[in-house]
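Visitor: Pasting entry_10.csv here (CSV, C-alpha atoms):
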chain,number,residue,atom,x,y,z
N,1,MET,CA,-3.9,-39.3,-238.6
N,2,GLU,CA,-1.3,-41.8,-237.3
N,3,TYR,CA,0.9,-41.5,-234.2
N,4,LEU,CA,4.6,-42.4,-234.4
N,5,LEU,CA,7.1,-43.2,-231.7
N,6,ASN,CA,10.0,-45.6,-231.2
N,7,PRO,CA,8.5,-48.8,-229.6
N,8,ASP,CA,11.9,-49.7,-228.2
N,9,LEU,CA,12.2,-46.5,-226.0
N,10,PRO,CA,10.5,-45.8,-222.7
N,11,ILE,CA,8.1,-42.8,-222.4
N,12,HIS,CA,8.5,-40.3,-219.6
N,13,PRO,CA,6.8,-42.0,-216.6
N,14,LYS,CA,4.3,-39.2,-216.1
N,15,LEU,CA,3.0,-39.7,-219.6
N,16,ALA,CA,3.5,-43.4,-220.1
N,17,ASP,CA,-0.2,-44.1,-220.0
N,18,SER,CA,-1.4,-41.2,-222.2
N,19,TRP,CA,1.2,-40.4,-224.9
N,20,ARG,CA,0.6,-42.2,-228.2
N,21,GLY,CA,3.4,-40.5,-230.1
N,22,ASN,CA,3.8,-37.6,-232.5
N,23,PRO,CA,0.9,-37.2,-235.0
N,24,MET,CA,1.6,-37.5,-238.7
N,25,GLU,CA,-0.7,-36.9,-241.6
N,26,ASP,CA,0.1,-37.0,-245.3
N,27,LYS,CA,3.8,-37.9,-244.4
N,28,GLN,CA,4.1,-34.7,-242.4
N,29,PHE,CA,4.6,-34.4,-238.6
N,30,GLN,CA,1.9,-32.2,-237.2
N,31,TYR,CA,2.4,-29.4,-234.7
N,32,LEU,CA,-1.1,-29.2,-233.2
N,33,HIS,CA,-0.5,-26.5,-230.6
N,34,ASP,CA,0.1,-23.7,-233.1
N,35,PRO,CA,-0.1,-25.1,-236.7
N,36,PHE,CA,2.5,-23.4,-238.8
N,37,GLU,CA,3.8,-23.8,-242.3
N,38,PRO,CA,6.4,-21.3,-243.7
N,39,GLU,CA,4.9,-19.4,-246.6
N,40,TRP,CA,7.0,-18.5,-249.6
N,41,THR,CA,5.1,-15.2,-249.7
N,42,SER,CA,6.7,-14.4,-246.3
N,43,VAL,CA,10.1,-15.3,-247.7
N,44,MET,CA,9.6,-13.0,-250.7
N,45,ARG,CA,8.3,-10.2,-248.5
N,46,MET,CA,11.4,-10.5,-246.3
N,47,MET,CA,13.6,-10.3,-249.4
N,48,LEU,CA,11.8,-7.3,-250.9
N,49,LEU,CA,11.1,-5.1,-247.9
N,50,PRO,CA,14.0,-2.9,-246.7
N,51,ASN,CA,15.5,-3.6,-243.3
N,52,PRO,CA,14.7,-0.6,-241.1
N,53,GLN,CA,17.8,-1.3,-239.0
N,54,ARG,CA,20.1,-1.7,-242.0
N,55,ALA,CA,22.5,1.0,-241.1
N,56,GLU,CA,22.6,0.0,-237.4
N,57,LYS,CA,23.2,-3.6,-238.4
N,58,LYS,CA,26.0,-2.7,-240.7
N,59,ALA,CA,27.8,-0.6,-238.0
N,60,ASP,CA,27.4,-3.4,-235.4
N,61,THR,CA,30.5,-5.5,-235.4
N,62,TRP,CA,30.0,-7.2,-232.0
N,63,ALA,CA,30.8,-10.9,-231.8
N,64,PRO,CA,31.0,-13.2,-228.7
N,65,SER,CA,34.4,-13.3,-227.1
N,66,VAL,CA,36.5,-16.5,-227.5
N,67,ASN,CA,38.6,-18.2,-224.9
N,68,GLY,CA,41.8,-19.5,-226.3
N,69,ASN,CA,42.7,-22.1,-223.7
N,70,THR,CA,41.8,-25.7,-224.6
N,71,ASP,CA,43.3,-27.4,-221.6
N,72,TYR,CA,39.9,-28.5,-220.4
N,73,LEU,CA,39.8,-31.0,-223.3
N,74,ASN,CA,42.5,-33.0,-221.7
N,75,ASP,CA,40.5,-33.7,-218.5
N,76,ARG,CA,38.1,-36.6,-218.6
N,77,THR,CA,37.2,-36.4,-214.8
N,78,ALA,CA,35.5,-33.0,-214.4
N,79,ASN,CA,32.0,-32.1,-215.5
N,80,TRP,CA,31.7,-29.0,-217.7
N,81,ILE,CA,29.7,-27.4,-220.4
N,82,VAL,CA,31.2,-25.4,-223.2
N,83,TRP,CA,29.4,-23.2,-225.8
N,84,LEU,CA,31.0,-23.4,-229.2
N,85,GLY,CA,28.7,-20.9,-230.8
N,86,HIS,CA,25.2,-20.9,-232.2
N,87,ALA,CA,23.4,-24.0,-230.9
N,88,CYS,CA,26.5,-26.2,-230.5
N,89,TYR,CA,27.5,-27.2,-227.0
N,90,LEU,CA,30.2,-29.6,-225.9
N,91,MET,CA,29.4,-31.2,-222.5
N,92,GLN,CA,31.2,-33.6,-220.3
N,93,PHE,CA,29.2,-35.5,-217.7
N,94,ASN,CA,30.6,-38.4,-215.6
N,95,GLY,CA,33.5,-38.9,-218.0
N,96,GLU,CA,31.5,-39.0,-221.2
N,97,ARG,CA,31.2,-36.3,-223.9
N,98,TYR,CA,28.0,-35.0,-225.6
N,99,LEU,CA,27.9,-32.7,-228.6
N,100,THR,CA,24.8,-30.8,-229.7
N,101,ASP,CA,23.9,-29.6,-233.2
N,102,PRO,CA,27.4,-29.6,-234.6
N,103,GLN,CA,27.4,-27.0,-237.3
N,104,LEU,CA,30.9,-25.5,-236.9
N,105,GLU,CA,31.8,-24.0,-240.3
N,106,ASP,CA,30.6,-21.5,-242.9
N,107,MET,CA,27.4,-22.2,-244.7
N,108,PRO,CA,26.4,-21.2,-248.2
N,109,PHE,CA,25.7,-17.4,-248.0
N,110,PHE,CA,26.3,-17.4,-244.2
N,111,ARG,CA,29.9,-17.1,-243.0
N,112,ARG,CA,30.6,-18.0,-239.4
N,113,ARG,CA,31.4,-14.8,-237.4
N,114,VAL,CA,33.0,-16.5,-234.4
N,115,SER,CA,34.6,-19.9,-233.9
N,116,PRO,CA,36.3,-21.9,-231.2
N,117,PRO,CA,40.2,-22.0,-231.4
N,118,PHE,CA,40.2,-25.4,-233.0
N,119,ASP,CA,38.8,-27.1,-236.1
N,120,TYR,CA,35.9,-29.4,-235.8
N,121,ALA,CA,38.2,-32.1,-237.3
N,122,ASP,CA,40.2,-31.9,-234.1
N,123,LEU,CA,37.2,-32.8,-231.8
N,124,THR,CA,37.9,-36.2,-230.3
N,125,GLY,CA,36.5,-38.3,-227.5
N,126,ILE,CA,32.9,-37.6,-228.4
N,127,ASP,CA,30.6,-40.3,-227.0
N,128,TYR,CA,27.1,-39.0,-228.1
N,129,LEU,CA,25.8,-36.6,-230.7
N,130,LEU,CA,22.5,-34.8,-229.9
N,131,LEU,CA,20.7,-33.5,-233.0
N,132,SER,CA,17.5,-31.3,-232.5
N,133,HIS,CA,16.3,-31.1,-236.1
N,134,ASP,CA,17.3,-31.1,-239.7
N,135,HIS,CA,18.0,-27.5,-240.5
N,136,ARG,CA,21.4,-26.8,-242.1
N,137,ASP,CA,22.5,-24.5,-239.3
N,138,HIS,CA,22.1,-27.4,-236.9
N,139,VAL,CA,22.9,-30.5,-238.9
N,140,ASP,CA,25.8,-30.2,-241.4
N,141,GLU,CA,26.9,-33.1,-243.6
N,142,LYS,CA,30.6,-32.3,-243.6
N,143,CYS,CA,30.8,-31.8,-239.9
N,144,LEU,CA,28.9,-35.0,-239.2
N,145,ARG,CA,31.0,-37.1,-241.6
N,146,THR,CA,34.2,-35.8,-240.1
N,147,ILE,CA,33.2,-36.1,-236.4
N,148,CYS,CA,31.8,-39.7,-236.9
N,149,ALA,CA,35.0,-40.7,-238.7
N,150,ASN,CA,37.3,-39.3,-236.0
N,151,ASN,CA,35.3,-40.6,-232.9
N,152,GLU,CA,34.0,-43.9,-231.6
N,153,ILE,CA,30.6,-42.4,-231.1
N,154,LYS,CA,28.3,-44.7,-229.1
N,155,LYS,CA,25.1,-43.3,-230.4
N,156,ILE,CA,23.5,-40.4,-232.3
N,157,LEU,CA,20.4,-39.2,-230.4
N,158,ALA,CA,17.9,-37.8,-233.0
N,159,PRO,CA,14.3,-37.1,-233.7
N,160,LEU,CA,12.1,-39.6,-235.6
N,161,ARG,CA,13.0,-40.0,-239.3
N,162,LEU,CA,16.3,-37.9,-239.1
N,163,SER,CA,18.2,-41.0,-240.2
N,164,ASP,CA,16.6,-40.5,-243.7
N,165,ILE,CA,19.0,-37.6,-244.0
N,166,ILE,CA,22.1,-38.5,-242.0
N,167,GLY,CA,22.1,-42.3,-242.3
N,168,GLU,CA,24.5,-42.4,-245.2
N,169,TRP,CA,26.8,-39.7,-243.7
N,170,VAL,CA,27.6,-41.4,-240.5
N,171,GLY,CA,28.6,-44.9,-241.6
N,172,ASP,CA,28.1,-47.6,-238.9
N,173,THR,CA,27.5,-45.1,-236.1
N,174,PRO,CA,24.2,-46.1,-234.4
N,175,ILE,CA,21.3,-43.7,-234.6
N,176,GLU,CA,18.6,-43.8,-232.0
N,177,GLU,CA,15.4,-41.9,-232.9
N,178,ALA,CA,12.8,-40.7,-230.4
N,179,ALA,CA,9.4,-39.2,-230.4
N,180,TRP,CA,8.6,-36.4,-227.9
N,181,TYR,CA,8.7,-37.5,-224.3
N,182,GLN,CA,10.7,-40.6,-225.0
N,183,GLN,CA,14.0,-41.4,-223.1
N,184,PHE,CA,17.0,-42.6,-225.0
N,185,LEU,CA,18.9,-45.7,-224.0
N,186,LEU,CA,22.4,-44.8,-222.8
N,187,SER,CA,25.2,-46.4,-221.0
N,188,ASP,CA,24.8,-46.8,-217.2
N,189,ASN,CA,26.8,-43.6,-216.3
N,190,GLY,CA,24.1,-41.7,-214.4
N,191,VAL,CA,22.9,-39.6,-217.4
N,192,THR,CA,19.3,-39.6,-218.6
N,193,ILE,CA,18.3,-37.8,-221.8
N,194,THR,CA,14.6,-37.2,-222.8
N,195,PHE,CA,13.5,-35.8,-226.1
N,196,LEU,CA,10.9,-33.1,-225.7
N,197,PRO,CA,8.7,-30.7,-227.7
N,198,ALA,CA,9.7,-27.4,-229.4
N,199,ARG,CA,7.8,-25.0,-231.6
N,200,HIS,CA,9.6,-25.3,-234.9
N,201,TRP,CA,9.6,-27.2,-238.1
N,202,CYS,CA,11.8,-29.2,-240.5
N,203,ARG,CA,12.8,-28.8,-244.2
N,204,ARG,CA,16.0,-29.2,-246.2
N,205,GLY,CA,14.6,-29.1,-249.7
N,206,LEU,CA,11.5,-28.0,-251.5
N,207,THR,CA,9.3,-31.1,-251.0
N,208,ASP,CA,10.2,-32.5,-247.6
N,209,PHE,CA,8.4,-30.1,-245.2
N,210,ASN,CA,8.1,-31.7,-241.7
N,211,ARG,CA,9.0,-35.2,-243.0
N,212,ARG,CA,11.3,-35.4,-240.0
N,213,LEU,CA,10.6,-34.5,-236.4
N,214,TRP,CA,12.2,-31.7,-234.4
N,215,GLY,CA,12.5,-31.0,-230.7
N,216,SER,CA,14.6,-30.3,-227.6
N,217,PHE,CA,16.5,-32.3,-225.0
N,218,MET,CA,16.5,-32.6,-221.2
N,219,ILE,CA,19.7,-33.9,-219.7
N,220,GLU,CA,19.7,-35.2,-216.2
N,221,VAL,CA,23.1,-35.9,-214.6
N,222,SER,CA,23.2,-37.9,-211.4
N,223,PRO,CA,26.4,-37.9,-209.3
N,224,GLN,CA,28.9,-40.8,-209.6
N,225,GLU,CA,30.0,-42.7,-206.6
N,226,THR,CA,33.2,-40.6,-206.8
N,227,PRO,CA,32.0,-37.0,-206.7
N,228,SER,CA,33.1,-34.6,-209.5
N,229,GLN,CA,36.1,-32.3,-208.7
N,230,ASN,CA,33.9,-29.3,-209.6
N,231,GLY,CA,31.7,-27.2,-207.4
N,232,GLY,CA,28.4,-28.6,-206.8
N,233,ALA,CA,29.8,-32.1,-206.5
N,234,GLY,CA,27.4,-34.8,-205.5
N,235,GLU,CA,24.3,-33.0,-206.6
N,236,LYS,CA,21.9,-34.0,-209.4
N,237,ARG,CA,21.9,-31.5,-212.3
N,238,THR,CA,19.2,-31.0,-214.9
N,239,ILE,CA,20.1,-29.1,-218.2
N,240,TYR,CA,17.6,-28.2,-220.9
N,241,PHE,CA,18.8,-27.8,-224.4
N,242,GLY,CA,16.1,-26.0,-226.4
N,243,GLY,CA,17.2,-26.5,-229.9
N,244,ASP,CA,15.2,-24.1,-232.1
N,245,SER,CA,11.9,-22.9,-230.8
N,246,ALA,CA,9.5,-20.0,-231.0
N,247,LEU,CA,7.4,-19.0,-227.9
N,248,THR,CA,5.4,-22.0,-226.8
N,249,ASP,CA,3.2,-23.3,-224.0
N,250,TYR,CA,5.2,-26.4,-224.1
N,251,TRP,CA,7.9,-24.7,-222.0
N,252,LYS,CA,5.5,-24.5,-219.1
N,253,GLU,CA,4.5,-28.1,-219.5
N,254,ILE,CA,8.2,-29.2,-219.6
N,255,GLY,CA,8.8,-27.2,-216.4
N,256,GLU,CA,6.0,-29.2,-214.7
N,257,LEU,CA,7.4,-32.5,-215.9
N,258,PHE,CA,10.9,-31.5,-214.7
N,259,PRO,CA,10.4,-29.3,-211.6
N,260,HIS,CA,14.1,-28.7,-210.8
N,261,ILE,CA,15.8,-27.5,-214.0
N,262,ASP,CA,19.2,-25.9,-213.3
N,263,VAL,CA,20.1,-24.5,-216.7
N,264,ALA,CA,17.9,-23.6,-219.7
N,265,MET,CA,19.7,-23.1,-223.0
N,266,ILE,CA,17.2,-21.1,-225.1
N,267,GLY,CA,17.8,-19.3,-228.4
N,268,ILE,CA,17.6,-15.5,-228.6
N,269,GLY,CA,18.6,-14.8,-232.2
N,270,ALA,CA,17.1,-14.7,-235.7
N,271,TYR,CA,13.8,-13.1,-234.8
N,272,LYS,CA,13.5,-10.2,-237.3
N,273,PRO,CA,11.4,-9.4,-239.3
N,274,GLU,CA,8.8,-10.5,-236.9
N,275,PHE,CA,6.2,-11.5,-239.5
N,276,MET,CA,8.7,-14.1,-240.9
N,277,MET,CA,10.5,-15.3,-237.8
N,278,ARG,CA,8.1,-15.3,-234.8
N,279,SER,CA,6.9,-18.8,-235.6
N,280,ASN,CA,10.5,-20.0,-235.9
N,281,HIS,CA,12.5,-18.5,-233.2
N,282,ALA,CA,12.0,-16.6,-229.9
N,283,ASN,CA,13.1,-13.1,-229.4
N,284,PRO,CA,14.9,-12.3,-226.1
N,285,SER,CA,11.7,-11.3,-224.4
N,286,GLU,CA,9.9,-14.5,-225.5
N,287,ALA,CA,12.9,-16.6,-224.5
N,288,PHE,CA,12.9,-15.0,-221.1
N,289,THR,CA,9.3,-16.1,-220.8
N,290,GLY,CA,10.4,-19.6,-221.7
N,291,TYR,CA,13.1,-19.4,-219.0
N,292,ARG,CA,10.6,-18.4,-216.4
N,293,ASP,CA,8.0,-20.9,-217.6
N,294,LEU,CA,10.5,-23.7,-217.3
N,295,GLY,CA,11.3,-22.6,-213.8
N,296,ALA,CA,15.0,-22.9,-214.5
N,297,THR,CA,17.7,-21.4,-212.1
N,298,TYR,CA,20.0,-20.2,-214.9
N,299,TRP,CA,19.4,-19.0,-218.4
N,300,TRP,CA,22.1,-19.6,-221.0
N,301,PRO,CA,21.1,-17.7,-224.2
N,302,MET,CA,22.3,-19.2,-227.5
N,303,HIS,CA,21.6,-19.0,-231.2
N,304,HIS,CA,23.0,-15.5,-231.5
N,305,GLY,CA,26.2,-13.8,-232.6
N,306,THR,CA,27.6,-16.7,-234.7
N,307,TYR,CA,25.8,-16.5,-238.0
N,308,ASP,CA,24.0,-13.5,-239.6
N,309,LEU,CA,20.6,-15.1,-240.3
N,310,SER,CA,18.1,-12.2,-239.9
N,311,ASN,CA,17.6,-8.5,-239.7
N,312,GLU,CA,18.5,-7.6,-236.1
N,313,PRO,CA,22.0,-6.1,-235.4
N,314,ALA,CA,24.5,-8.6,-234.0
N,315,SER,CA,24.6,-7.3,-230.5
N,316,GLU,CA,20.9,-6.6,-230.1
N,317,PRO,CA,19.8,-10.1,-228.8
N,318,ILE,CA,22.3,-10.3,-225.9
N,319,LEU,CA,21.9,-6.6,-224.9
N,320,TRP,CA,18.2,-7.1,-224.9
N,321,ALA,CA,18.4,-10.3,-222.8
N,322,THR,CA,20.8,-8.7,-220.4
N,323,LYS,CA,18.5,-5.7,-219.9
N,324,ILE,CA,15.6,-8.0,-219.1
N,325,MET,CA,17.5,-9.9,-216.6
N,326,ASN,CA,18.8,-6.8,-214.9
N,327,LYS,CA,15.3,-5.4,-214.8
N,328,HIS,CA,14.1,-8.4,-212.9
N,329,GLY,CA,17.1,-8.6,-210.5
N,330,LEU,CA,18.4,-11.7,-212.2
N,331,ALA,CA,21.7,-10.6,-213.6
N,332,ASP,CA,23.6,-13.3,-211.8
N,333,ARG,CA,21.3,-15.9,-213.2
N,334,MET,CA,22.2,-15.3,-216.9
N,335,LEU,CA,25.2,-17.3,-218.2
N,336,GLN,CA,27.2,-16.0,-221.1
N,337,PRO,CA,30.7,-17.5,-220.9
N,338,ALA,CA,33.0,-16.9,-223.9
N,339,VAL,CA,33.0,-19.3,-226.7
N,340,ASN,CA,35.2,-22.2,-225.7
N,341,GLU,CA,35.1,-21.2,-222.0
N,342,PRO,CA,34.2,-24.2,-219.8
N,343,TRP,CA,31.5,-23.7,-217.1
N,344,TRP,CA,30.1,-25.8,-214.3
N,345,PHE,CA,28.2,-25.1,-211.2
N,346,GLY,CA,30.2,-23.3,-208.5
Show me this structure written as structure tokens.
Guide:
Amino acid sequence: MEYLLNPDLPIHPKLADSWRGNPMEDKQFQYLHDPFEPEWTSVMRMMLLPNPQRAEKKADTWAPSVNGNTDYLNDRTANWIVWLGHACYLMQFNGERYLTDPQLEDMPFFRRRVSPPFDYADLTGIDYLLLSHDHRDHVDEKCLRTICANNEIKKILAPLRLSDIIGEWVGDTPIEEAAWYQQFLLSDNGVTITFLPARHWCRRGLTDFNRRLWGSFMIEVSPQETPSQNGGAGEKRTIYFGGDSALTDYWKEIGELFPHIDVAMIGIGAYKPEFMMRSNHANPSEAFTGYRDLGATYWWPMHHGTYDLSNEPASEPILWATKIMNKHGLADRMLQPAVNEPWWFG
């Protein structure tokens, strides 16, 4: 067993003396908490067994609403976060823009059900790309090539070894890879980003299982000398972007490392059938557990309504999440703005 990290990046101060890096064996990154390898037998079982919710799913035409106003894109002074569907967020902090997991078009066999009112080729002013893992619904060649060609991107923030896939797509755009618990090196604009664990896996072909790392991001935004024009000006904000993850004890550990998380973006979709999906993605109940374990103030559900990737009906994830939050008296703590609707505190 060897342990890999980026020797040029700092480790979170609380783990600097103990973290050796992500374990790798036989060219595969190891997930030691809950070892998991997708079995082709499960894939075949999913394909052969009928979906007990087939009729319900067919009748469910729900899709997230879309805000048609793009004026916010003209403002480089305010802080805001915009969900563009699935796991793609466009964020602006202290005058710089960050884009997560930019899959913004149809995929083979999976049409996009909802999109922002602009083409990804129109996205400009992007300073940083954050990529959580190599799956095709999070990292798309055409999107990355186009976005890198149309933007002067300062850096792509990525897991270890992801450059093996994206390196030739992004030209001269710098790629900085991190192990879990490492902090990326950014411009001095008051934003700190740490790469963190997730319970997931990587694969793009038949023979490359877990050759690349996966994970989540914590984004800490400190106020500038000139406060933001938005509500909550002058306060430090901490935003967790969960990437893809099944239910994991790491969420509680992350909450202890970062005791004042404001927003937790955790996926709630693609969880049925359970025998196939439970080690890949969290269902709404499990995602709620993650939200509570993280100790976050707000929960922003994602990874639902955009692509039809599994057996549950389209509206089931968000209705289930809403029911849970209502039951616990937390309705005002769940964020679900429309696609392309900017949100910030206050």
Visitor: Choose the residue, out of N:Ile261, N:Leu9, N:Ala314, N:Cys202, that has the smallest atom-to-atom separation from N:Tyr181; count all atoms listed in the file.
Guide: N:Leu9
Visitor: Identify, on the basis of all atoms listed in the file, every residue whose closest approach to stretch 205-222 of chain N does not exceed 9 Å; exclude the query and any residue fewer than 5 positions from it along the same chain; express the result as number ranges by chain.
Guide: N: 22, 24, 27-30, 37, 93-94, 130-134, 158-165, 178-180, 189-200, 234-245, 258, 261
Visitor: Please compute the atom CA of N:Arg97-atom CA of N:Arg204 distance, one decimal, in Å.
Guide: 27.9 Å
Visitor: Quick one, how far is atom CA of N:Gly21 from atom CA of N:Tyr128?
Guide: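 Distance between the two atoms: 23.8 Å.
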Visitor: Determine, counting all atoms listed in the file, which protein, DNA and RNA residues have an atom within 7 Å of an atom of stretch 109-116 of chain N; residues of the same chain fewer than 3 positions away are not included. Present the result as a PyMOL selection string.
Guide: chain N and resi 63-64+66+84-85+105-106+306-308+339-340
